[in-house]
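Participant: If you scroll down you'll find the structure; I have some questions about it.
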Amino acid sequence: MPAGFEVKDNRVERRYNPEPMAGRKPLPVSLPSFWESLYETGDDGWDLGRPAPPLVRLLREAPPPGGRVAVPGCGRGHDVALWRRRGFDVVGFDFSARAVAEARRRGRNVERRDVFLLGREFPRAFDVAWEYTCFCAIDPARRAEYVDVLARILRKGGELIALFYPLRESGEGPPFPVRREEIESLLARGFRIESAEAPRDSVERRRGCELLVRARRRR
Ligand SMILES: C[S@@+](CC[C@H](N)C(=O)[O-])C[C@H]1O[C@@H](n2cnc3c(N)ncnc32)[C@H](O)[C@@H]1O
């Protein structure tokens, strides 16, 4: 077995490392200042200016039963606003002061937090976590840690609804590439995938590069 890997549920997985940054210089994306400057200069091409269309459809056609929703890396909070309009008790989290200020100015319930610290503050506090474009924004070496945070903030049986983007084999980031096998292997750490579909209503420039996943927290 190569160092840093283990066998879990008959799969070879990267061993969970609670201190992934130890001895390693953080990538710029791990610092709020990186995102802050992109918001400041308007280099925020990820911002759709509206909720993600697959989420709009999901909440119309097959919404979760209700409850408390977390939106990590929510940016200006367009998805937070949608969850609220659909009657959910929702809070968004982002570590960019500017994104949080802009979200709040629009009346959205957003807190300034580093998503990697949410597990300590909000253990089992949420019924649903909505992930969109935070997974691809963080240091890829921290993805397992991020998935563990999502599992920790959800109650047992809680639901992770995630729109993974951009599905591609390789390339620079952010957004860092996402592969379906990686998603399945990482989610196996704490979730049971209930559905995974390529949404037909992604925004034009992301069409064919997104995967909508609904998964249940196992432990
Ligand atoms: C690509 S943007 C997406 C924003 C939003 N989800 C959207 O679709 O508009 C990534 C966001 O994640 C935030 N972010 C990245 N790493 C973070 C971290 N460790 N903790 C909190 N927020 C983080 C950034 O500040 C940025 O707002």
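Please note that chains go A, B, ... in the order of the structure tokens, that every chain numbers its residues from 1, and that ligands are numbered from 1 in the order shown.
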May I have all residues of chain A that DSSP, computed from the backbone, assigns to helix (DSSP H, G or I), given as an NGL selection string?

Facilitator: :A and (28-30 or 32-41 or 53-61 or 78-85 or 97-105 or 115-121 or 140-153 or 180-187 or 204-206)

Participant: What residues have any atom no more than 6 Å from ligand 1 when counting only C-alpha atoms and all ligand atoms, and can you list them as a compact mmCIF listing (two decimals) with C-alpha atoms, in the first residue's frame?

Facilitator:
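out_8.txt, freshly written:
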```txt
# COMPACT_ATOMS: atom_id res chain seq x y z
CA SER A 30 -6.64 28.67 0.63
CA TRP A 35 -10.68 35.56 -3.46
CA TRP A 46 -18.00 32.22 -11.73
CA ASP A 47 -20.79 34.45 -10.40
CA GLY A 73 -18.43 28.93 -0.20
CA CYS A 74 -21.63 30.72 -1.14
CA GLY A 75 -20.04 33.87 -2.60
CA ASP A 94 -17.75 32.36 2.83
CA PHE A 95 -14.37 33.64 4.01
CA SER A 96 -14.25 36.62 1.65
CA ARG A 113 -16.25 31.59 8.02
CA ASP A 114 -13.52 29.33 6.67
CA VAL A 115 -15.45 26.26 5.55
CA PHE A 116 -12.75 23.97 6.92
CA TYR A 132 -21.77 24.47 -5.77
CA THR A 133 -18.36 25.66 -6.95
CA CYS A 134 -16.70 25.52 -3.53
CA ALA A 137 -12.33 26.35 -5.62
CA ILE A 138 -10.42 24.82 -2.72
```

Participant: List the neighbours of stretch 55-63 of chain A out to 12 Å using only C-alpha atoms; skip same-chain residues closer than 5 positions along the sequence, and give me the result as a ChimeraX atom specification.

Facilitator: /A:50,69,78-88,128,130-132,159,161-164,197,199-203,211-214

Participant: Could you please write out, as JSON, numbers by chain, every residue of stretch 96-212 of chain A that DSSP assigns to strand (DSSP E)?

Facilitator: {"A": [110, 111, 112, 126, 127, 128, 129, 130, 131, 132, 154, 155, 156, 157, 158, 159, 160, 161, 162, 163, 164, 191, 192, 193, 194, 195, 196, 197, 211, 212]}

Participant: How about saving the chosen residues, C-alpha atoms kept, as a PDB file, in the first residue's frame?

Facilitator:
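Ended up saving to result-v2.pdb:
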```pdb
ATOM      1  CA  VAL A 110     -24.355  34.727   5.176  1.00  0.00           C
ATOM      2  CA  GLU A 111     -21.631  34.309   7.789  1.00  0.00           C
ATOM      3  CA  ARG A 112     -17.926  34.930   7.347  1.00  0.00           C
ATOM      4  CA  PHE A 126     -27.870  20.866   9.304  1.00  0.00           C
ATOM      5  CA  ASP A 127     -30.406  18.738   7.453  1.00  0.00           C
ATOM      6  CA  VAL A 128     -29.051  19.678   4.031  1.00  0.00           C
ATOM      7  CA  ALA A 129     -25.766  20.961   2.607  1.00  0.00           C
ATOM      8  CA  TRP A 130     -25.752  22.544  -0.851  1.00  0.00           C
ATOM      9  CA  GLU A 131     -22.382  22.459  -2.618  1.00  0.00           C
ATOM     10  CA  TYR A 132     -21.772  24.466  -5.766  1.00  0.00           C
ATOM     11  CA  LEU A 154     -24.978  17.198   8.620  1.00  0.00           C
ATOM     12  CA  ARG A 155     -27.135  15.225  10.989  1.00  0.00           C
ATOM     13  CA  LYS A 156     -27.185  11.477  10.456  1.00  0.00           C
ATOM     14  CA  GLY A 157     -29.421  10.861   7.442  1.00  0.00           C
ATOM     15  CA  GLY A 158     -28.970  14.461   6.309  1.00  0.00           C
ATOM     16  CA  GLU A 159     -28.606  15.173   2.612  1.00  0.00           C
ATOM     17  CA  LEU A 160     -25.730  16.508   0.574  1.00  0.00           C
ATOM     18  CA  ILE A 161     -26.938  18.028  -2.683  1.00  0.00           C
ATOM     19  CA  ALA A 162     -23.996  18.932  -4.862  1.00  0.00           C
ATOM     20  CA  LEU A 163     -23.597  20.279  -8.341  1.00  0.00           C
ATOM     21  CA  PHE A 164     -20.041  19.311  -9.206  1.00  0.00           C
ATOM     22  CA  PHE A 191     -22.216   9.295   2.228  1.00  0.00           C
ATOM     23  CA  ARG A 192     -24.360   6.952   0.181  1.00  0.00           C
ATOM     24  CA  ILE A 193     -24.996   8.359  -3.289  1.00  0.00           C
ATOM     25  CA  GLU A 194     -28.702   8.168  -4.122  1.00  0.00           C
ATOM     26  CA  SER A 195     -28.642   9.801  -7.538  1.00  0.00           C
ATOM     27  CA  ALA A 196     -26.182  11.339  -9.966  1.00  0.00           C
ATOM     28  CA  GLU A 197     -27.253  12.994 -13.210  1.00  0.00           C
ATOM     29  CA  LEU A 211     -22.902  16.465 -12.279  1.00  0.00           C
ATOM     30  CA  LEU A 212     -25.844  16.824  -9.905  1.00  0.00           C
TER      31      LEU A 212
END
```

Participant: Mind pulling up the distance from atom CA of A:Glu40 to atom CA of A:Ala101?

Facilitator: 12.1 Å

Participant: Tell me which of A:Ala141, A:Ala97, A:Cys209, A:Val149 sits closest to A:Leu167, counting only C-alpha atoms.

Facilitator: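 Of all the options, A:Cys209 lies closest to A:Leu167.
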
Participant: List the spatial neighbours of A:Ala125 as an NGL selection string - criterion: any atom at most 6 Å away, only C-alpha atoms, same-chain residues fewer than 2 positions off excluded.

Facilitator: :A and (122-123 or 153-154)

Participant: In terms of the shortest atom-to-atom distance over only C-alpha atoms, which of A:Leu150, A:Arg98, A:Gly208, A:Phe135 is closest to A:Asp44?

Facilitator: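 Checking each candidate against A:Asp44, we get A:Arg98 as the closest.
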
Participant: Can you work out which one of A:Cys136, A:Leu117, A:Ala151, A:Leu38 has the shortest atom-to-atom distance to A:Ala99, counting only C-alpha atoms?

Facilitator: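 Closest to A:Ala99 of all the choices is A:Leu38.
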